[in-house]
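Student: Next comes target.csv, CSV, C-alpha atoms:
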chain,number,residue,atom,x,y,z
A,203,MET,CA,-22.1,-72.8,-3.4
A,204,GLN,CA,-19.0,-75.0,-2.8
A,205,GLU,CA,-18.1,-74.7,0.8
A,206,GLY,CA,-14.6,-73.6,1.6
A,207,PRO,CA,-12.0,-75.9,2.8
A,208,GLU,CA,-11.7,-77.8,5.4
A,209,GLN,CA,-10.3,-75.9,8.3
A,210,GLU,CA,-12.4,-73.9,10.7
A,211,LEU,CA,-10.9,-71.2,12.9
A,212,SER,CA,-11.4,-71.3,16.6
A,213,GLY,CA,-14.0,-69.3,18.4
A,214,GLN,CA,-17.6,-69.6,19.5
A,215,PRO,CA,-20.4,-68.4,17.2
A,216,LEU,CA,-21.9,-65.2,18.3
A,217,ILE,CA,-25.2,-64.8,16.6
A,218,THR,CA,-26.8,-61.8,18.4
A,219,GLU,CA,-27.4,-58.6,16.6
A,220,GLU,CA,-26.7,-56.4,19.6
A,221,SER,CA,-23.2,-55.4,18.6
A,222,ILE,CA,-21.6,-52.1,18.0
A,223,MET,CA,-21.1,-51.1,14.4
A,224,PRO,CA,-17.6,-51.6,12.9
A,225,ILE,CA,-15.3,-48.7,12.3
A,226,LEU,CA,-15.4,-49.0,8.5
A,227,THR,CA,-16.8,-46.2,6.4
A,228,PRO,CA,-17.3,-46.3,2.6
A,229,PRO,CA,-14.1,-45.9,0.7
A,230,GLU,CA,-13.7,-43.1,-1.8
A,231,HIS,CA,-14.0,-45.2,-5.0
A,232,ILE,CA,-17.4,-46.5,-3.8
A,233,GLN,CA,-18.5,-43.0,-2.8
A,234,ARG,CA,-17.7,-41.6,-6.2
A,235,SER,CA,-19.4,-44.5,-8.0
A,236,LYS,CA,-22.9,-43.3,-6.8
A,237,VAL,CA,-24.0,-47.0,-6.4
A,238,ARG,CA,-25.6,-46.1,-3.1
A,239,ASP,CA,-28.1,-44.0,-5.0
A,240,GLN,CA,-29.3,-46.8,-7.3
A,241,ALA,CA,-32.7,-48.3,-6.9
A,242,VAL,CA,-33.0,-51.9,-5.8
A,243,THR,CA,-34.6,-53.5,-8.9
A,244,TYR,CA,-32.9,-56.9,-9.2
A,245,THR,CA,-34.4,-60.2,-8.1
A,246,TRP,CA,-32.5,-62.6,-5.9
A,247,ARG,CA,-32.4,-66.4,-6.3
A,248,GLY,CA,-29.5,-67.1,-4.0
A,249,THR,CA,-26.7,-69.3,-5.2
A,250,ALA,CA,-28.1,-69.4,-8.7
A,251,ASP,CA,-27.1,-65.8,-9.1
A,252,TYR,CA,-23.4,-66.2,-8.2
A,253,ASN,CA,-22.4,-69.9,-8.3
A,254,LYS,CA,-21.0,-69.4,-11.8
A,255,SER,CA,-17.6,-69.8,-13.5
A,256,ASN,CA,-15.5,-67.0,-15.0
A,257,GLN,CA,-12.3,-68.5,-16.4
A,258,LYS,CA,-10.8,-65.2,-17.4
A,259,LEU,CA,-11.2,-63.8,-13.8
A,260,MET,CA,-10.0,-67.1,-12.3
A,261,ASP,CA,-6.8,-66.9,-14.4
A,262,GLN,CA,-6.2,-63.3,-13.3
A,263,LEU,CA,-6.7,-64.2,-9.7
A,264,SER,CA,-4.3,-67.2,-10.1
A,265,ASP,CA,-1.6,-64.6,-10.8
A,266,LEU,CA,-2.0,-63.1,-7.4
A,267,SER,CA,-0.9,-64.1,-3.9
A,268,ALA,CA,-3.6,-65.5,-1.6
A,269,SER,CA,-3.4,-62.3,0.4
A,270,ALA,CA,-4.2,-60.3,-2.7
A,271,CYS,CA,-7.1,-62.6,-3.6
A,272,LEU,CA,-8.5,-62.1,-0.1
A,273,ALA,CA,-8.1,-58.3,-0.5
A,274,PHE,CA,-10.0,-58.6,-3.8
A,275,CYS,CA,-12.8,-60.6,-2.0
A,276,SER,CA,-13.0,-58.0,0.8
A,277,GLY,CA,-13.1,-55.1,-1.7
A,278,LEU,CA,-15.9,-56.8,-3.7
A,279,ALA,CA,-17.9,-57.4,-0.5
A,280,GLU,CA,-17.6,-53.7,0.3
A,281,TRP,CA,-19.2,-52.8,-3.1
A,282,VAL,CA,-22.2,-54.9,-2.2
A,283,TYR,CA,-22.5,-53.9,1.5
A,284,TRP,CA,-22.3,-50.1,0.8
A,285,ARG,CA,-24.6,-50.4,-2.1
A,286,LEU,CA,-27.3,-51.8,0.2
A,287,GLN,CA,-26.4,-50.3,3.6
A,288,ASP,CA,-29.2,-47.7,3.5
A,289,HIS,CA,-31.8,-50.5,3.1
A,290,THR,CA,-30.9,-52.7,6.0
A,291,ASP,CA,-30.2,-53.0,9.7
A,292,PHE,CA,-28.1,-56.2,9.1
A,293,HIS,CA,-24.5,-55.2,10.2
A,294,ALA,CA,-22.9,-58.6,10.7
A,295,PRO,CA,-21.7,-58.7,7.0
A,296,LEU,CA,-19.8,-55.5,7.6
A,297,GLU,CA,-18.3,-57.0,10.7
A,298,MET,CA,-17.1,-60.0,8.7
A,299,ILE,CA,-15.6,-57.6,6.0
A,300,GLU,CA,-13.8,-55.7,8.7
A,301,ALA,CA,-12.5,-59.0,10.2
A,302,SER,CA,-11.2,-60.0,6.7
A,303,TRP,CA,-9.1,-56.8,6.5
A,304,VAL,CA,-7.8,-57.5,10.0
A,305,ALA,CA,-6.9,-61.0,8.9
A,306,GLN,CA,-4.3,-59.5,6.5
A,307,SER,CA,-2.2,-58.7,9.5
A,308,ASP,CA,-2.9,-61.9,11.5
A,309,ILE,CA,-5.6,-64.5,10.9
A,310,ARG,CA,-5.5,-65.3,14.6
A,311,TYR,CA,-7.4,-62.2,15.4
A,312,VAL,CA,-10.5,-63.6,13.6
A,313,LYS,CA,-13.2,-65.8,15.1
A,314,ILE,CA,-15.2,-67.7,12.4
A,315,PRO,CA,-18.5,-69.2,13.6
A,316,LYS,CA,-18.6,-73.0,13.7
A,317,VAL,CA,-22.1,-72.9,12.2
A,318,TYR,CA,-23.7,-70.7,9.6
A,319,GLU,CA,-25.7,-67.9,11.1
A,320,PHE,CA,-28.7,-65.6,10.4
A,321,GLU,CA,-30.7,-68.0,8.3
A,322,GLU,CA,-33.7,-65.9,8.9
A,323,ARG,CA,-32.2,-63.1,6.7
A,324,GLU,CA,-33.7,-63.5,3.3
A,325,GLY,CA,-34.7,-61.6,0.2
A,326,GLN,CA,-33.2,-59.2,-2.3
A,327,ILE,CA,-31.4,-57.2,0.4
A,328,ASP,CA,-30.6,-59.2,3.5
A,329,GLY,CA,-30.4,-62.4,1.5
A,330,VAL,CA,-27.7,-60.9,-0.7
A,331,LEU,CA,-25.9,-59.6,2.4
A,332,LEU,CA,-26.0,-62.9,4.1
A,333,SER,CA,-24.5,-64.6,1.0
A,334,VAL,CA,-21.7,-62.0,1.0
A,335,LYS,CA,-21.0,-62.6,4.7
A,336,ASP,CA,-20.9,-66.3,4.1
A,337,LEU,CA,-18.6,-66.0,1.1
A,338,VAL,CA,-16.2,-63.8,2.9
A,339,GLU,CA,-16.3,-66.2,5.8
A,340,ASN,CA,-15.5,-69.1,3.5
A,341,ALA,CA,-12.7,-67.1,1.9
A,342,LEU,CA,-11.2,-66.7,5.4
A,343,ARG,CA,-11.5,-70.4,6.0
A,344,ALA,CA,-9.6,-71.0,2.7
A,345,PHE,CA,-7.0,-68.4,3.7
A,346,ASN,CA,-6.4,-70.2,7.0
A,347,THR,CA,-4.6,-73.0,5.3
A,348,SER,CA,-0.9,-73.3,4.4
A,349,THR,CA,-1.2,-71.9,0.9
A,350,GLY,CA,-4.7,-70.2,0.8
A,351,GLN,CA,-5.0,-71.4,-2.8
A,352,ASN,CA,-8.8,-71.7,-2.7
A,353,VAL,CA,-9.4,-68.1,-1.8
A,354,LYS,CA,-9.6,-67.0,-5.4
A,355,GLY,CA,-12.8,-69.1,-6.1
A,356,TYR,CA,-14.7,-66.9,-3.6
A,357,GLY,CA,-13.4,-63.8,-5.5
A,358,VAL,CA,-15.2,-65.1,-8.6
A,359,TYR,CA,-18.4,-65.7,-6.6
A,360,LEU,CA,-18.3,-62.2,-5.0
A,361,TYR,CA,-17.7,-60.7,-8.4
A,362,HIS,CA,-20.9,-62.2,-9.7
A,363,VAL,CA,-22.8,-61.0,-6.6
A,364,ALA,CA,-21.5,-57.4,-7.0
A,365,ARG,CA,-22.4,-57.3,-10.7
A,366,HIS,CA,-25.8,-58.7,-10.0
A,367,VAL,CA,-26.9,-56.0,-7.5
A,368,LEU,CA,-25.6,-53.0,-9.5
A,369,VAL,CA,-27.8,-51.2,-12.0
A,370,ASP,CA,-24.8,-49.3,-13.5
A,371,LYS,CA,-22.0,-51.9,-13.6
A,372,LYS,CA,-19.4,-49.6,-15.3
A,373,PRO,CA,-17.8,-48.2,-12.1
A,374,LEU,CA,-17.4,-51.8,-10.7
A,375,ASP,CA,-15.9,-53.0,-14.0
A,376,ALA,CA,-13.5,-50.1,-14.1
A,377,TRP,CA,-12.5,-50.8,-10.4
A,378,VAL,CA,-12.0,-54.5,-11.1
A,379,LYS,CA,-9.7,-53.8,-14.0
A,380,ALA,CA,-7.7,-51.2,-12.1
A,381,VAL,CA,-7.4,-53.1,-8.8
A,382,LEU,CA,-6.4,-56.4,-10.5
A,383,ALA,CA,-3.6,-54.6,-12.3
A,384,ARG,CA,-2.4,-52.9,-9.1
A,385,LEU,CA,-2.5,-56.2,-7.1
A,386,LYS,CA,-0.6,-58.0,-9.8
A,387,GLU,CA,2.0,-55.3,-9.9
A,388,HIS,CA,2.6,-55.3,-6.1
A,389,TYR,CA,1.3,-58.7,-4.9
A,390,ALA,CA,1.9,-61.3,-7.6
A,391,PHE,CA,1.9,-65.0,-6.8
A,392,GLU,CA,5.2,-66.5,-5.8
A,393,ALA,CA,5.4,-70.3,-5.5
A,394,ASP,CA,7.7,-70.1,-2.5
A,395,GLN,CA,5.5,-67.7,-0.7
A,396,PRO,CA,1.9,-68.4,-2.0
A,397,LYS,CA,0.2,-66.2,0.7
A,398,GLY,CA,2.5,-63.3,0.0
A,399,GLU,CA,2.7,-60.1,2.0
A,400,PRO,CA,-0.4,-58.6,3.8
A,401,VAL,CA,-2.4,-56.2,1.7
A,402,PRO,CA,-3.8,-53.1,3.4
A,403,ARG,CA,-7.3,-51.8,2.6
A,404,SER,CA,-5.9,-48.7,1.0
A,405,ALA,CA,-4.5,-50.9,-1.8
A,406,VAL,CA,-8.0,-51.4,-3.2
A,407,ASP,CA,-8.9,-47.7,-3.2
A,408,THR,CA,-8.1,-47.0,-6.9
A,409,THR,CA,-8.9,-43.3,-6.5
A,410,GLN,CA,-5.6,-42.9,-4.6
A,411,PRO,CA,-2.1,-43.7,-5.6
A,412,PHE,CA,-0.6,-46.7,-3.8
A,413,ASP,CA,2.8,-46.7,-2.2
A,414,LYS,CA,3.7,-50.2,-1.2
A,415,ALA,CA,6.5,-48.9,1.0
A,416,GLN,CA,3.8,-47.4,3.3
A,417,SER,CA,1.9,-50.7,3.6
A,418,GLY,CA,3.2,-51.5,7.1
A,419,LYS,CA,2.1,-48.1,8.3
A,420,ALA,CA,-1.3,-48.5,6.7
A,421,LEU,CA,-1.8,-51.9,8.2
A,422,ASP,CA,-0.8,-50.8,11.7
A,423,GLU,CA,-3.0,-47.7,11.5
A,424,PHE,CA,-5.9,-49.9,10.5
A,425,LEU,CA,-5.3,-52.3,13.4
A,426,GLU,CA,-5.1,-49.4,15.9
A,427,SER,CA,-8.5,-48.1,14.6
A,428,VAL,CA,-10.3,-51.4,15.2
A,429,ASP,CA,-12.6,-51.8,18.2
A,430,PRO,CA,-12.8,-55.6,18.8
A,431,ALA,CA,-15.7,-55.0,21.3
A,432,GLY,CA,-17.7,-53.8,18.3
A,433,ASN,CA,-17.1,-56.8,16.1
A,434,ARG,CA,-18.3,-60.3,17.1
A,435,TYR,CA,-15.7,-61.8,14.7
A,436,LEU,CA,-12.6,-60.3,16.3
A,437,CYS,CA,-10.8,-61.5,19.4
A,438,THR,CA,-10.8,-59.2,22.4
A,439,PRO,CA,-7.5,-58.5,24.1
A,440,ASP,CA,-8.5,-61.0,26.8
A,441,GLU,CA,-9.3,-63.7,24.3
A,442,TRP,CA,-6.0,-63.0,22.6
A,443,ALA,CA,-4.2,-63.5,25.9
A,444,ALA,CA,-6.1,-66.6,26.6
A,445,LYS,CA,-4.7,-68.1,23.4
A,446,GLY,CA,-1.3,-67.8,25.0
A,447,LEU,CA,-0.1,-65.1,22.7
A,448,SER,CA,2.2,-62.7,24.4
A,449,ASP,CA,2.6,-59.9,21.9
A,450,ALA,CA,0.3,-56.9,22.2
A,451,PRO,CA,-2.9,-57.3,20.3
A,452,TYR,CA,-3.9,-55.0,17.4
A,453,ARG,CA,-0.4,-53.8,16.9
A,454,LEU,CA,2.1,-54.8,14.2
A,455,ALA,CA,5.1,-53.5,16.1
Write the structure described by the file as structure tokens, please.

Tutor:
Amino acid sequence: MQEGPEQELSGQPLITEESIMPILTPPEHIQRSKVRDQAVTYTWRGTADYNKSNQKLMDQLSDLSASACLAFCSGLAEWVYWRLQDHTDFHAPLEMIEASWVAQSDIRYVKIPKVYEFEEREGQIDGVLLSVKDLVENALRAFNTSTGQNVKGYGVYLYHVARHVLVDKKPLDAWVKAVLARLKEHYAFEADQPKGEPVPRSAVDTTQPFDKAQSGKALDEFLESVDPAGNRYLCTPDEWAAKGLSDAPYRLA
């Protein structure tokens, strides 16, 4: 796997497992897909199973803002996590996914470890989830640059992971087609604003209509629902204040 750029976010690595579960629950499109009921039959070779090119997908992601590419990464990571959730006690990947949705509002909320974690997590379930966590982590590093232009590469990697772990790939393929069309309609790449507007989690639930005019409300409601004490990758209000930031944390307005 190619490591993401360059720039690390601030924060100390927190590598214990004694954390409260994030607030996220499976979105409706994943619930309907029945992927959580599929047997775990695949083998896992690590990077060999996802470090692949897909020029068509890369071209499609190049048409999107960096924020939209990050939302695509987060959405794909959720497909993998919820598919495997019932088989693991490894919750850090879900915390990283939740942090990536929070980053849509403000990347400063997120604490990325300075070193890679959980190397003891291996195999066809936890090894997959560790790769997903690390890929989302690298997507956040890429997003924390002036243009975020390298986020899209992690979307390709996460796409390969998601297809690899699913027995029935049709629901995922249908979602990818629908969500890419939606993101291009509402969050297309603009050269003068490459990161674009923040994308709420609701934008990638393709079972529901999406009203972009309600994005601010959706982002704010999501922030208000977050419990930073339950996520090692999010700043607490005290840590936020220690950064010298005067605005109220976990509020858009």

Student: One number please: CA of Asp440 in chain A to CA of Val312 in chain A, in Å, one decimal.

Tutor: 13.6 Å

Student: List as an MDAnalysis selection string: which residues have an atom within 9 Å of (-14.9, -61.6, 4.1), counting only C-alpha atoms?

Tutor: chainID A and resid 272:273 275:277 279 295:303 334:342

Student: Looking at A:Gln233, A:Lys379, A:Pro315, A:Ala364, which one is nearest to Lys258 in chain A, with distances taken over all atoms listed in the file?

Tutor: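 Distance minimum relative to Lys258 in chain A lands on A:Lys379.
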
Student: Calculated over all atoms listed in the file, which of the candidates A:Arg384, A:Val406, A:Gly398, A:Asn346 has the smallest distance to Tyr311 in chain A?

Tutor: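 Once distances to Tyr311 in chain A are computed over all atoms listed in the file, the minimum belongs to A:Asn346.
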
Student: Could you name the residues that touch Ser333 in chain A at 10 Å or less, counting only C-alpha atoms, but leaving out those on the same chain fewer than 5 positions away, as a PDB file with C-alpha atoms, in the frame of the given file?

Tutor:
ATOM      1  CA  MET A 203     -22.100 -72.800  -3.400  1.00  0.00           C
ATOM      2  CA  GLY A 248     -29.500 -67.100  -4.000  1.00  0.00           C
ATOM      3  CA  THR A 249     -26.700 -69.300  -5.200  1.00  0.00           C
ATOM      4  CA  TYR A 252     -23.400 -66.200  -8.200  1.00  0.00           C
ATOM      5  CA  ALA A 279     -17.900 -57.400  -0.500  1.00  0.00           C
ATOM      6  CA  PRO A 295     -21.700 -58.700   7.000  1.00  0.00           C
ATOM      7  CA  ARG A 323     -32.200 -63.100   6.700  1.00  0.00           C
ATOM      8  CA  GLU A 324     -33.700 -63.500   3.300  1.00  0.00           C
ATOM      9  CA  ASP A 328     -30.600 -59.200   3.500  1.00  0.00           C
ATOM     10  CA  VAL A 338     -16.200 -63.800   2.900  1.00  0.00           C
ATOM     11  CA  GLU A 339     -16.300 -66.200   5.800  1.00  0.00           C
ATOM     12  CA  TYR A 359     -18.400 -65.700  -6.600  1.00  0.00           C
ATOM     13  CA  LEU A 360     -18.300 -62.200  -5.000  1.00  0.00           C
ATOM     14  CA  VAL A 363     -22.800 -61.000  -6.600  1.00  0.00           C
TER      15      VAL A 363
END

Student: How would you write as a list in words the residues that get within 6 Å of (-1.9, -66.5, -1.0) in the file's frame, counting only C-alpha atoms?

Tutor: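 I get Ser267, Ala268, Ser269, Thr349, Gly350, Pro396, Lys397 and Gly398 of chain A for the residues within 6 Å of that point.
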
Student: Give me, please, the distance in Å between CA of Phe292 in chain A and CA of Ala270 in chain A, quoted to one decimal.

Tutor: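 Straight-line distance from CA of Phe292 in chain A to CA of Ala270 in chain A works out to 27.0 Å.
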
Student: Go through A:Cys271, A:Val353, A:Leu374, A:Ala450 one by one, measure the shortest atom-to-atom distance of each to Val401 in chain A using all atoms listed in the file, and give the residue with the smallest value.

Tutor: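 Checking each of A:Cys271, A:Val353, A:Leu374, A:Ala450 against Val401 in chain A, counting all atoms listed in the file, the winner is A:Cys271.
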
Student: Could you please determine the separation between CA of Ser427 in chain A and CA of Pro228 in chain A in Å, to one decimal place?

Tutor: 15.0 Å

Student: Near Ser307 in chain A, within 9 Å and counting all atoms listed in the file, which residues show up once chain neighbours fewer than 4 positions away are dropped, as an MDAnalysis selection string?

Tutor: chainID A and resid 303 311 400:402 421:422 425 452 454
